[in-house]
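Data block for query-v5.cif (mmCIF, C-alpha atoms and all ligand atoms):
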data_start
loop_
_atom_site.label_atom_id
_atom_site.label_comp_id
_atom_site.auth_asym_id
_atom_site.auth_seq_id
_atom_site.Cartn_x
_atom_site.Cartn_y
_atom_site.Cartn_z
CA MET A 126 -137.92 -56.42 -82.92
CA LYS A 127 -139.60 -58.35 -85.65
CA HIS A 128 -140.73 -56.24 -88.59
CA GLU A 129 -144.08 -57.07 -90.15
CA LEU A 130 -145.57 -56.60 -93.58
CA PRO A 131 -148.26 -53.94 -93.01
CA LYS A 132 -151.78 -54.69 -94.22
CA LEU A 133 -152.99 -52.90 -97.32
CA ASN A 134 -155.95 -50.62 -96.74
CA TYR A 135 -157.58 -51.77 -99.99
CA ALA A 136 -158.13 -55.09 -101.78
CA ALA A 137 -155.43 -56.43 -104.12
CA ASP A 138 -157.69 -55.78 -107.12
CA ALA A 139 -158.82 -52.30 -106.01
CA LEU A 140 -156.30 -50.42 -108.15
CA ALA A 141 -156.61 -52.69 -111.19
CA SER A 142 -157.27 -49.87 -113.66
CA VAL A 143 -153.70 -48.68 -112.96
CA ILE A 144 -151.89 -51.50 -111.12
CA SER A 145 -153.07 -55.01 -111.95
CA THR A 146 -153.95 -57.59 -109.32
CA LYS A 147 -151.03 -59.68 -110.54
CA THR A 148 -148.60 -56.82 -110.04
CA MET A 149 -150.02 -56.18 -106.56
CA GLU A 150 -149.62 -59.85 -105.68
CA PHE A 151 -145.96 -59.85 -106.67
CA HIS A 152 -145.03 -56.35 -105.64
CA TYR A 153 -146.66 -56.43 -102.24
CA GLY A 154 -146.86 -60.19 -101.66
CA LYS A 155 -143.36 -61.11 -102.87
CA HIS A 156 -141.07 -58.08 -103.11
CA HIS A 157 -142.30 -56.12 -100.08
CA GLN A 158 -142.58 -59.34 -98.09
CA ALA A 159 -139.04 -60.39 -99.09
CA TYR A 160 -137.60 -57.08 -97.88
CA VAL A 161 -139.35 -57.64 -94.53
CA ASN A 162 -138.06 -61.23 -94.29
CA ASN A 163 -134.53 -60.29 -95.33
CA LEU A 164 -134.43 -57.51 -92.76
CA ASN A 165 -135.66 -59.82 -90.00
CA ASN A 166 -132.95 -62.31 -90.94
CA LEU A 167 -130.19 -59.70 -90.98
CA ILE A 168 -130.75 -57.76 -87.74
CA PRO A 169 -130.54 -60.34 -84.94
CA GLY A 170 -127.31 -59.84 -82.99
CA THR A 171 -126.64 -56.42 -84.55
CA ARG A 172 -127.18 -53.01 -82.99
CA PHE A 173 -130.24 -52.66 -85.23
CA GLU A 174 -132.06 -55.60 -83.68
CA ASN A 175 -134.48 -53.27 -81.88
CA ALA A 176 -134.07 -50.20 -84.05
CA SER A 177 -136.91 -48.45 -85.86
CA LEU A 178 -136.86 -48.36 -89.65
CA GLU A 179 -136.03 -44.64 -89.46
CA GLU A 180 -132.97 -45.37 -87.31
CA ILE A 181 -131.93 -48.06 -89.77
CA ILE A 182 -132.33 -45.63 -92.67
CA ARG A 183 -130.22 -43.00 -90.89
CA GLU A 184 -127.48 -45.21 -89.51
CA ALA A 185 -127.22 -48.63 -91.15
CA ASP A 186 -125.28 -49.74 -94.21
CA GLY A 187 -125.25 -52.63 -96.65
CA GLY A 188 -128.01 -55.21 -96.56
CA ILE A 189 -129.66 -53.89 -93.40
CA LEU A 190 -129.93 -50.41 -94.92
CA ASN A 191 -131.15 -51.70 -98.29
CA ASN A 192 -133.80 -53.99 -96.89
CA GLY A 193 -134.87 -51.64 -94.10
CA ALA A 194 -135.25 -48.71 -96.48
CA GLN A 195 -137.12 -50.86 -99.00
CA VAL A 196 -139.58 -51.94 -96.29
CA TRP A 197 -140.17 -48.28 -95.40
CA ASN A 198 -140.37 -47.13 -99.04
CA HIS A 199 -142.89 -49.77 -100.06
CA THR A 200 -145.09 -49.16 -97.02
CA PHE A 201 -145.08 -45.44 -97.83
CA TYR A 202 -145.83 -46.15 -101.50
CA PHE A 203 -148.70 -48.61 -101.00
CA GLU A 204 -150.21 -46.46 -98.24
CA SER A 205 -150.68 -43.51 -100.60
CA PHE A 206 -153.15 -45.23 -102.94
CA SER A 207 -156.90 -45.49 -102.84
CA ALA A 208 -159.65 -46.79 -105.10
CA SER A 209 -161.49 -43.51 -104.43
CA PRO A 210 -158.65 -41.04 -104.11
CA LYS A 211 -158.77 -37.33 -103.49
CA SER A 212 -157.53 -36.15 -106.87
CA LYS A 213 -156.00 -32.79 -105.93
CA PRO A 214 -154.33 -31.23 -102.90
CA GLU A 215 -155.99 -28.30 -101.15
CA GLY A 216 -155.22 -25.76 -98.47
CA GLU A 217 -151.72 -25.38 -97.10
CA LEU A 218 -150.23 -28.23 -99.13
CA LEU A 219 -151.58 -26.78 -102.38
CA ALA A 220 -150.22 -23.36 -101.39
CA ALA A 221 -146.78 -24.84 -100.66
CA ILE A 222 -146.80 -26.71 -104.00
CA GLU A 223 -147.69 -23.50 -105.84
CA ILE A 224 -144.92 -21.59 -104.10
CA ALA A 225 -142.34 -24.26 -104.89
CA PHE A 226 -143.36 -25.28 -108.42
CA GLY A 227 -145.60 -22.50 -109.81
CA SER A 228 -148.76 -24.59 -110.09
CA PHE A 229 -150.13 -28.03 -109.35
CA ASP A 230 -149.81 -28.96 -113.03
CA GLU A 231 -146.20 -27.87 -113.13
CA PHE A 232 -145.50 -29.91 -110.01
CA LYS A 233 -147.08 -32.96 -111.63
CA SER A 234 -145.05 -32.54 -114.74
CA LYS A 235 -141.78 -32.08 -112.81
CA PHE A 236 -142.44 -35.02 -110.52
CA SER A 237 -143.41 -37.20 -113.51
CA ASN A 238 -140.21 -36.19 -115.24
CA ALA A 239 -138.16 -37.14 -112.18
CA ALA A 240 -139.88 -40.55 -112.11
CA VAL A 241 -139.45 -41.18 -115.84
CA THR A 242 -135.79 -40.11 -116.06
CA LEU A 243 -134.38 -41.90 -112.99
CA PHE A 244 -131.96 -44.30 -114.65
CA GLY A 245 -132.10 -47.87 -113.38
CA SER A 246 -134.04 -48.82 -110.25
CA GLY A 247 -135.22 -46.26 -107.74
CA TRP A 248 -137.79 -43.80 -106.47
CA ALA A 249 -139.04 -40.27 -107.21
CA TRP A 250 -139.92 -38.20 -104.14
CA LEU A 251 -141.72 -35.08 -103.02
CA VAL A 252 -140.03 -33.95 -99.82
CA ILE A 253 -139.81 -31.06 -97.40
CA ASP A 254 -136.17 -30.14 -97.81
CA THR A 255 -133.86 -29.08 -94.97
CA ASP A 256 -134.62 -25.42 -95.79
CA GLY A 257 -138.33 -26.06 -95.19
CA LYS A 258 -139.28 -25.81 -98.87
CA LEU A 259 -140.85 -28.52 -100.99
CA ALA A 260 -138.52 -30.26 -103.42
CA ILE A 261 -138.64 -33.10 -105.95
CA THR A 262 -135.78 -35.60 -105.72
CA GLN A 263 -134.64 -38.91 -107.21
CA GLU A 264 -133.11 -41.76 -105.22
CA SER A 265 -131.49 -44.86 -106.71
CA ASN A 266 -132.26 -48.38 -105.54
CA ALA A 267 -133.24 -48.25 -101.84
CA GLY A 268 -132.49 -44.54 -101.37
CA ASN A 269 -134.65 -42.69 -98.86
CA PRO A 270 -134.78 -38.92 -98.12
CA ILE A 271 -134.77 -39.42 -94.32
CA ARG A 272 -131.05 -40.22 -94.60
CA LYS A 273 -130.56 -36.65 -95.88
CA ASN A 274 -132.78 -35.13 -93.17
CA GLN A 275 -135.52 -34.42 -95.68
CA LYS A 276 -139.14 -35.22 -94.83
CA PRO A 277 -140.83 -37.45 -97.42
CA LEU A 278 -144.39 -36.60 -98.48
CA LEU A 279 -144.90 -38.74 -101.57
CA THR A 280 -143.05 -41.36 -103.59
CA CYS A 281 -143.33 -43.27 -106.84
CA ASP A 282 -141.58 -46.63 -107.20
CA VAL A 283 -139.83 -46.84 -110.56
CA TRP A 284 -138.11 -50.17 -110.10
CA GLU A 285 -139.17 -52.12 -113.19
CA HIS A 286 -140.99 -54.64 -110.97
CA ALA A 287 -143.50 -51.89 -110.10
CA TYR A 288 -144.81 -51.69 -113.65
CA TYR A 289 -143.28 -54.30 -115.94
CA LEU A 290 -146.16 -56.79 -115.98
CA ASP A 291 -148.61 -53.99 -116.82
CA TYR A 292 -146.59 -51.50 -118.87
CA GLN A 293 -143.33 -53.29 -119.85
CA ASN A 294 -140.86 -50.67 -121.11
CA ARG A 295 -143.48 -47.90 -121.08
CA ARG A 296 -142.57 -46.28 -117.78
CA PRO A 297 -144.11 -42.91 -118.79
CA ASP A 298 -147.53 -44.61 -119.12
CA TYR A 299 -147.21 -46.07 -115.63
CA VAL A 300 -146.21 -42.71 -114.15
CA GLN A 301 -149.10 -40.98 -115.87
CA ALA A 302 -151.57 -43.57 -114.55
CA PHE A 303 -150.04 -43.34 -111.05
CA TRP A 304 -151.80 -39.97 -110.55
CA ASN A 305 -155.21 -41.64 -110.96
CA ILE A 306 -154.86 -43.68 -107.76
CA LEU A 307 -152.79 -41.31 -105.65
CA ASP A 308 -154.83 -40.15 -102.66
CA TRP A 309 -153.93 -36.53 -101.89
CA LYS A 310 -155.68 -36.83 -98.55
CA VAL A 311 -152.83 -39.10 -97.45
CA VAL A 312 -150.24 -36.61 -98.70
CA GLU A 313 -152.03 -33.72 -96.95
CA ASP A 314 -152.00 -35.66 -93.67
CA ARG A 315 -148.28 -36.32 -94.03
CA PHE A 316 -147.65 -32.64 -94.78
CA ARG A 317 -149.61 -31.58 -91.69
CA LYS A 318 -147.70 -34.01 -89.44
CA SER A 319 -144.31 -33.16 -90.92
CA ARG A 320 -144.40 -29.46 -90.12
CA MET B 186 -121.81 -42.24 -138.38
CA SER B 187 -124.46 -43.66 -136.14
CA PHE B 188 -124.75 -46.91 -134.25
CA GLN B 189 -127.15 -49.56 -135.50
CA LEU B 190 -129.13 -52.12 -133.59
CA PRO B 191 -127.30 -55.32 -134.63
CA ALA B 192 -129.32 -58.17 -136.11
CA LEU B 193 -130.01 -61.12 -133.80
CA LYS B 194 -128.54 -64.43 -134.93
CA TYR B 195 -131.66 -66.31 -133.74
CA ASP B 196 -135.38 -65.54 -133.62
CA TYR B 197 -137.35 -64.32 -130.61
CA LYS B 198 -138.56 -67.73 -129.52
CA ALA B 199 -135.22 -69.50 -130.08
CA LEU B 200 -134.16 -69.29 -126.42
CA GLU B 201 -137.43 -70.64 -125.04
CA PRO B 202 -138.26 -71.96 -122.54
CA TYR B 203 -135.44 -70.13 -120.76
CA ILE B 204 -136.08 -66.71 -122.27
CA ASP B 205 -139.58 -66.22 -123.68
CA ALA B 206 -140.32 -64.70 -127.09
CA MET B 207 -142.19 -61.69 -125.70
CA THR B 208 -139.28 -60.78 -123.43
CA MET B 209 -136.83 -61.15 -126.34
CA ASP B 210 -138.96 -58.96 -128.58
CA ILE B 211 -139.43 -56.14 -126.04
CA HIS B 212 -135.91 -56.39 -124.64
CA TYR B 213 -134.28 -56.24 -128.07
CA ASN B 214 -136.57 -53.86 -129.94
CA LYS B 215 -137.65 -51.53 -127.17
CA HIS B 216 -134.88 -51.51 -124.56
CA HIS B 217 -131.86 -52.14 -126.77
CA GLY B 218 -133.50 -50.08 -129.51
CA ALA B 219 -133.93 -47.12 -127.13
CA TYR B 220 -130.31 -47.31 -125.91
CA THR B 221 -129.18 -47.24 -129.55
CA THR B 222 -131.37 -44.25 -130.48
CA ASN B 223 -130.49 -42.36 -127.31
CA LEU B 224 -126.76 -43.02 -127.72
CA ASN B 225 -126.92 -41.64 -131.25
CA SER B 226 -128.71 -38.49 -130.06
CA ALA B 227 -126.19 -38.05 -127.25
CA ILE B 228 -123.15 -38.13 -129.54
CA VAL B 229 -124.40 -36.54 -132.75
CA GLY B 230 -122.33 -33.49 -133.61
CA THR B 231 -119.84 -34.13 -130.79
CA SER B 232 -116.23 -35.32 -131.00
CA LEU B 233 -117.46 -38.83 -130.15
CA ASP B 234 -119.43 -39.10 -133.35
CA ASP B 235 -116.90 -41.18 -135.30
CA LEU B 236 -115.42 -43.24 -132.50
CA PRO B 237 -115.94 -46.99 -132.00
CA ILE B 238 -118.11 -47.76 -128.97
CA GLU B 239 -115.15 -49.24 -127.05
CA GLU B 240 -113.28 -45.94 -127.41
CA ILE B 241 -116.26 -43.96 -126.17
CA LEU B 242 -116.63 -46.16 -123.10
CA ARG B 243 -112.92 -46.16 -122.24
CA GLU B 244 -113.02 -42.53 -121.02
CA VAL B 245 -116.69 -42.44 -120.17
CA SER B 246 -116.12 -40.42 -116.98
CA LYS B 247 -115.33 -37.44 -119.25
CA HIS B 248 -118.68 -37.67 -121.03
CA SER B 249 -122.31 -37.01 -120.10
CA ALA B 250 -124.53 -39.37 -118.11
CA ALA B 251 -126.48 -39.96 -121.34
CA VAL B 252 -123.35 -41.30 -123.04
CA ARG B 253 -122.46 -43.49 -120.06
CA ASN B 254 -125.97 -44.93 -119.69
CA ASN B 255 -126.87 -45.38 -123.34
CA GLY B 256 -123.38 -46.24 -124.55
CA GLY B 257 -123.21 -48.91 -121.86
CA GLY B 258 -126.72 -50.09 -122.67
CA TYR B 259 -125.84 -50.33 -126.37
CA TYR B 260 -122.61 -52.30 -125.88
CA ASN B 261 -123.88 -54.54 -123.07
CA HIS B 262 -126.93 -55.74 -124.98
CA ASN B 263 -124.87 -56.33 -128.16
CA LEU B 264 -122.69 -58.63 -126.09
CA PHE B 265 -125.59 -60.27 -124.27
CA TRP B 266 -127.33 -61.41 -127.47
CA GLU B 267 -124.02 -62.54 -128.88
CA VAL B 268 -123.11 -64.85 -126.00
CA MET B 269 -126.40 -66.74 -126.08
CA THR B 270 -127.55 -69.45 -128.49
CA PRO B 271 -130.37 -72.01 -128.63
CA SER B 272 -127.71 -74.74 -128.80
CA GLY B 273 -125.88 -73.44 -125.74
CA GLY B 274 -125.06 -74.75 -122.31
CA GLY B 275 -122.71 -77.47 -121.19
CA LEU B 276 -119.07 -76.85 -120.45
CA PRO B 277 -116.80 -74.13 -121.82
CA THR B 278 -114.46 -75.23 -124.57
CA GLY B 279 -110.84 -74.77 -125.52
CA GLU B 280 -108.40 -72.43 -123.83
CA LEU B 281 -111.21 -70.83 -121.86
CA TYR B 282 -111.99 -74.01 -119.99
CA SER B 283 -108.40 -74.40 -118.78
CA ALA B 284 -108.24 -70.75 -117.79
CA ILE B 285 -111.49 -71.03 -115.80
CA VAL B 286 -110.20 -74.06 -113.91
CA LYS B 287 -106.89 -72.32 -113.27
CA ASN B 288 -108.55 -69.11 -112.00
CA PHE B 289 -111.52 -70.44 -110.06
CA GLY B 290 -110.50 -73.97 -109.09
CA SER B 291 -113.22 -75.68 -111.11
CA PHE B 292 -116.00 -74.89 -113.55
CA ASP B 293 -118.58 -75.40 -110.79
CA GLU B 294 -116.85 -72.91 -108.56
CA PHE B 295 -116.81 -70.38 -111.38
CA LYS B 296 -120.49 -70.99 -112.12
CA GLU B 297 -121.37 -70.56 -108.47
CA LYS B 298 -119.40 -67.32 -108.24
CA PHE B 299 -120.90 -65.85 -111.40
CA SER B 300 -124.45 -66.85 -110.39
CA SER B 301 -123.95 -65.29 -107.00
CA ALA B 302 -122.66 -62.03 -108.54
CA ALA B 303 -125.79 -61.97 -110.72
CA ALA B 304 -128.21 -62.83 -107.92
CA THR B 305 -126.84 -60.38 -105.36
CA ARG B 306 -126.47 -57.26 -107.51
CA PHE B 307 -128.94 -54.94 -105.75
CA GLY B 308 -131.14 -53.01 -108.17
CA SER B 309 -130.38 -53.00 -111.88
CA GLY B 310 -127.08 -54.15 -113.39
CA TRP B 311 -124.92 -56.82 -114.96
CA ALA B 312 -122.76 -59.77 -113.92
CA TRP B 313 -119.47 -60.17 -115.79
CA LEU B 314 -116.70 -62.56 -116.63
CA VAL B 315 -113.77 -60.36 -117.56
CA TRP B 316 -110.16 -60.79 -118.70
CA THR B 317 -108.17 -58.16 -116.80
CA GLY B 318 -105.00 -58.59 -118.83
CA ASN B 319 -103.54 -61.29 -116.61
CA GLU B 320 -106.44 -63.17 -115.07
CA LEU B 321 -110.17 -63.94 -115.23
CA LYS B 322 -112.46 -62.18 -112.79
CA VAL B 323 -116.14 -62.33 -111.93
CA PHE B 324 -117.97 -59.28 -110.61
CA SER B 325 -121.02 -57.11 -111.19
CA THR B 326 -121.70 -53.50 -112.15
CA PRO B 327 -124.70 -51.26 -111.48
CA ASN B 328 -127.09 -50.06 -114.19
CA GLN B 329 -125.40 -50.07 -117.63
CA ASP B 330 -121.80 -49.73 -116.48
CA ASN B 331 -119.30 -52.28 -117.79
CA PRO B 332 -115.64 -53.34 -117.42
CA LEU B 333 -114.52 -51.30 -120.44
CA MET B 334 -115.40 -48.10 -118.58
CA ASP B 335 -112.85 -46.12 -116.60
CA VAL B 336 -115.47 -45.84 -113.84
CA SER B 337 -115.63 -49.62 -113.38
CA GLU B 338 -114.33 -51.11 -110.14
CA ILE B 339 -112.63 -53.90 -112.15
CA LYS B 340 -111.44 -53.09 -115.66
CA GLY B 341 -110.78 -55.41 -118.54
CA PHE B 342 -112.25 -57.09 -121.60
CA PRO B 343 -115.76 -58.50 -121.00
CA LEU B 344 -116.03 -62.14 -122.12
CA MET B 345 -119.63 -62.64 -121.06
CA GLY B 346 -122.30 -60.48 -119.42
CA LEU B 347 -125.63 -61.36 -117.86
CA ASP B 348 -128.34 -58.72 -117.73
CA VAL B 349 -130.02 -58.62 -114.29
CA TRP B 350 -132.22 -55.60 -114.86
CA GLU B 351 -135.73 -56.73 -113.99
CA HIS B 352 -136.82 -56.12 -117.61
CA ALA B 353 -134.56 -59.06 -118.60
CA TYR B 354 -136.67 -61.58 -116.70
CA TYR B 355 -139.77 -60.08 -115.11
CA LEU B 356 -142.41 -61.23 -117.62
CA LYS B 357 -141.38 -64.86 -117.19
CA TYR B 358 -139.76 -65.07 -113.76
CA GLN B 359 -141.15 -62.05 -111.86
CA ASN B 360 -139.30 -61.85 -108.52
CA ARG B 361 -137.44 -65.15 -109.10
CA ARG B 362 -134.14 -63.77 -110.39
CA VAL B 363 -132.26 -66.80 -109.10
CA GLU B 364 -134.25 -69.11 -111.37
CA TYR B 365 -133.54 -66.87 -114.38
CA VAL B 366 -129.83 -66.92 -113.57
CA GLN B 367 -129.86 -70.73 -113.29
CA ASN B 368 -131.57 -71.03 -116.66
CA PHE B 369 -129.09 -68.71 -118.34
CA TRP B 370 -126.54 -71.56 -118.16
CA ASN B 371 -128.67 -73.48 -120.70
CA VAL B 372 -128.27 -70.83 -123.39
CA ILE B 373 -124.71 -69.61 -122.85
CA ASP B 374 -122.70 -69.83 -126.08
CA TRP B 375 -119.30 -71.10 -124.90
CA LYS B 376 -117.94 -71.10 -128.45
CA THR B 377 -118.42 -67.33 -128.67
CA VAL B 378 -117.11 -66.74 -125.14
CA ASN B 379 -114.01 -68.80 -125.94
CA GLU B 380 -113.47 -66.79 -129.16
CA ARG B 381 -113.65 -63.59 -127.15
CA PHE B 382 -111.16 -65.03 -124.67
CA ILE B 383 -108.70 -65.81 -127.48
CA ILE B 384 -109.06 -62.28 -128.87
CA ALA B 385 -108.59 -60.81 -125.38
CA THR B 386 -105.50 -62.83 -124.52
CA ASN B 387 -103.85 -62.15 -127.90
CA LYS B 388 -104.15 -58.39 -127.49
FE FE A 401 -140.97 -51.89 -105.51
FE FE A 402 -131.48 -55.23 -120.64
#
As a first step, turn the structure in this file into structure tokens.
Amino acid sequence: MKHELPKLNYAADALASVISTKTMEFHYGKHHQAYVNNLNNLIPGTRFENASLEEIIREADGGILNNGAQVWNHTFYFESFSASPKSKPEGELLAAIEIAFGSFDEFKSKFSNAAVTLFGSGWAWLVIDTDGKLAITQESNAGNPIRKNQKPLLTCDVWEHAYYLDYQNRRPDYVQAFWNILDWKVVEDRFRKSR
Amino acid sequence: MSFQLPALKYDYKALEPYIDAMTMDIHYNKHHGAYTTNLNSAIVGTSLDDLPIEEILREVSKHSAAVRNNGGGYYNHNLFWEVMTPSGGGLPTGELYSAIVKNFGSFDEFKEKFSSAAATRFGSGWAWLVWTGNELKVFSTPNQDNPLMDVSEIKGFPLMGLDVWEHAYYLKYQNRRVEYVQNFWNVIDWKTVNERFIIATNK
């Protein structure tokens, strides 16, 4: 099975107040594309040739795992943005966030902290943990919660390539701005489908 | 005692066009500066306070993640600036050259091996040329780990290190890490690397 770079559901300049067009061109056009190409080059003749990305994330190792997970992670990341985002969760997702973290603001602050303090390259996640509760986690490099049987709801890419052209060393500024383009409608849909 | 950000022996634009002035400025002042400050906060008032950095790193598995990350970041960047010069490049000199040929077959084979270690390190990290006590080895470490650390897969005295965190090259090279690694060979200071080799082999 040949993996494809999924289309963005917004223009490359749509998020420019937070993520510049140049960053989008490299991050989506070069990095995400390279993970897709690398994966397609690695899987022929292996047992992952026709596997889904989720199967690859659960069962593969080495380059197939890294590239497969990075394809999945970037798709999940880019899919959660919008130029006209829903700025707050409502309903059952909001209730679950309040149960797990006290309040929406506390959740934001804890998630931001996870994103800012992940050392090196990686991802911050909001997941439904194996006990059914919401949790905030950090994964290095190509880490993905599916491998731990958690259900991902939201992620923030904190590889330096995600923000270096726009924010350089100021990762906290990038993470703070991230909330301005995050579409909670997408996260609510994921929450509904994950339960 | 606290650690200081060491002065650079060249100015920010000295390594252009291979490493641009803006990258040098941010990399040195902001990244290296932050590792220095954070290392000092991590050790102040602890038993590590008066130790040389090499001593701290030697048993780093006994210390906090903050000491490992910032202590590594402090040492690694000190070394990185030191092994580059605007009048760099060419072939290694002296005893080091012979040792490289003996260990790797030829200089080109060494260069190829080191470049590949730098290009294939997934995520953030460093490529190293290390003296293990009886031979030269090339390998890479994740994040700010280094060969002085007890957690390192290969241990020894680092002769040269190449930073392959994206912050080291993203403003100029973006996703083209391979091109950055190729250009590094134009600024490598073989005189300094050879001096480190002589110190290492006389220990
Ligand atoms: Fe990314
Ligand atoms: Fe660095």
Closest pair table for chain B residues within 9 Å of chain A, only C-alpha atoms, as CSV:
residue,atom,partner,partner_atom,distance
B:Ile211,CA,A:Asn294,CA,7.5
B:His212,CA,A:Asn294,CA,8.3
B:Lys215,CA,A:Asn294,CA,6.9
B:His216,CA,A:Asn294,CA,7.0
B:Asn254,CA,A:Phe244,CA,7.9
B:Phe307,CA,A:Asn266,CA,7.4
B:Gly308,CA,A:Asn266,CA,5.4
B:Ser309,CA,A:Gly245,CA,5.6
B:Gly310,CA,A:Gly245,CA,8.0
B:Pro327,CA,A:Gly245,CA,8.4
B:Asn328,CA,A:Gly245,CA,5.5
B:Gln329,CA,A:Gly245,CA,8.2
B:Trp350,CA,A:Gly245,CA,7.9
B:Glu351,CA,A:Glu285,CA,5.8
B:His352,CA,A:Glu285,CA,6.4
B:Tyr355,CA,A:Tyr289,CA,6.8
B:Leu356,CA,A:Leu290,CA,6.0
B:Gln359,CA,A:Phe151,CA,7.4
B:Asn360,CA,A:His156,CA,6.8
Export, as an mmCIF file, in the coordinates of the input, the selected residues with C-alpha atoms.
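File produced: result38.cif:
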data_model
loop_
_atom_site.group_PDB
_atom_site.id
_atom_site.type_symbol
_atom_site.label_atom_id
_atom_site.label_comp_id
_atom_site.auth_asym_id
_atom_site.auth_seq_id
_atom_site.Cartn_x
_atom_site.Cartn_y
_atom_site.Cartn_z
ATOM 1 C CA ILE B 211 -139.430 -56.140 -126.040
ATOM 2 C CA HIS B 212 -135.910 -56.390 -124.640
ATOM 3 C CA LYS B 215 -137.650 -51.530 -127.170
ATOM 4 C CA HIS B 216 -134.880 -51.510 -124.560
ATOM 5 C CA ASN B 254 -125.970 -44.930 -119.690
ATOM 6 C CA PHE B 307 -128.940 -54.940 -105.750
ATOM 7 C CA GLY B 308 -131.140 -53.010 -108.170
ATOM 8 C CA SER B 309 -130.380 -53.000 -111.880
ATOM 9 C CA GLY B 310 -127.080 -54.150 -113.390
ATOM 10 C CA PRO B 327 -124.700 -51.260 -111.480
ATOM 11 C CA ASN B 328 -127.090 -50.060 -114.190
ATOM 12 C CA GLN B 329 -125.400 -50.070 -117.630
ATOM 13 C CA TRP B 350 -132.220 -55.600 -114.860
ATOM 14 C CA GLU B 351 -135.730 -56.730 -113.990
ATOM 15 C CA HIS B 352 -136.820 -56.120 -117.610
ATOM 16 C CA TYR B 355 -139.770 -60.080 -115.110
ATOM 17 C CA LEU B 356 -142.410 -61.230 -117.620
ATOM 18 C CA GLN B 359 -141.150 -62.050 -111.860
ATOM 19 C CA ASN B 360 -139.300 -61.850 -108.520
#
To test the calculation: enclose all listed atoms of range 301-308 of chain A in a box whose edges run along x, y and z, add 4 Å on each side, then state centre and edge lengths in Å to one decimal, as lines of an AutoDock Vina configuration file.
center_x = -152.2
center_y = -41.8
center_z = -109.3
size_x = 14.1
size_y = 11.7
size_z = 21.2
Q | Contacts of Pro277 in chain A within 10 Å, only C-alpha atoms, excl. fewer than 4 positions in-chain, as a PyMOL selection string | A | chain A and resi 198+201+250-254+259-262+269-271+312+315-316+319
Q: May I have the residues within 12 Å of Gln367 in chain B as an MDAnalysis selection string, using all atoms listed in the file and disregarding those fewer than 4 positions away in the same chain?
A: chainID B and resid 203:204 274 296:297 299:301 303:304 347 354 358 361:363 371:373
**Q.** Residue nearest Leu307 in chain A - candidates A:Ser209, A:Gln195, A:Gln275, A:Thr146, atoms counted: all atoms listed in the file
**A.**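 Of the candidates, the smallest distance to Leu307 in chain A is held by A:Ser209.
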(Q) So that I can see what lies close to Tyr195 in chain B, please list as a VMD selection string the residues with an atom at most 9 Å from it, counting all atoms listed in the file and leaving out residues fewer than 3 positions away in the same chain. (A) chain B and resid 192 198 to 200 270 to 271
**Q.** Selection: 6 Å around range 335-346 of chain B, only C-alpha atoms, excl. self and same-chain fewer than 5 positions, as a ChimeraX atom specification
**A.** /B:243-244,265,312-317,378,381
Q) Using all atoms listed in the file, which of A:Phe173, A:Ile189, A:Arg183, A:Val196 sits nearest ligand FE 401 (chain A)? A)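 Closest to ligand FE 401 (chain A), using all atoms listed in the file: A:Val196.
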Q.
Need the shell around range 211-224 of chain A: protein/DNA/RNA residues with any atom at most 7 Å away, counting all atoms listed in the file. Skip same-chain ones fewer than 5 positions apart. Format as an MDAnalysis selection string?
A. chainID A and resid 229 232 259 308:310 313 316
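What separates CA of Glu150 in chain A from CA of Ala137 in chain A is a distance of 6.9 Å.
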Q.
If I take CA of Val283 in chain A and CA of Ile306 in chain A, how far is one from the other in Å, to one decimal?
A.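 Here the two named atoms are 15.6 Å from each other.
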Q. To one decimal place, how far is CA of Arg296 in chain A from CA of Ala194 in chain A in Å?
A. 22.7 Å
Q. Of the candidates B:Lys298, B:Arg253, B:Lys194, B:His262, which shows the shortest atom-to-atom distance to ligand FE 402 (chain A), using only C-alpha atoms and all ligand atoms?
A. B:His262
(Q) Under the rule that only C-alpha atoms and all ligand atoms are counted, which of B:Tyr197, B:Tyr282, B:Phe382, B:Trp266 is the nearest residue to ligand FE 402 (chain A)? (A)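 Smallest separation from ligand FE 402 (chain A) among the options: B:Trp266.
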Q) Using all atoms listed in the file, which of the listed residues (A:Thr280, A:Gln263, A:Asn166, A:Asn305) sits closest to ligand FE 401 (chain A)? A)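 Using all atoms listed in the file, ligand FE 401 (chain A) sits closest to A:Thr280.
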(Q) Given only C-alpha atoms as the basis, pick out the residue of A:Tyr135, A:Phe236, A:Trp197, A:Phe206 nearest to Val161 in chain A. (A)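 Looking at the shortest contact to Val161 in chain A, the residue is A:Trp197.
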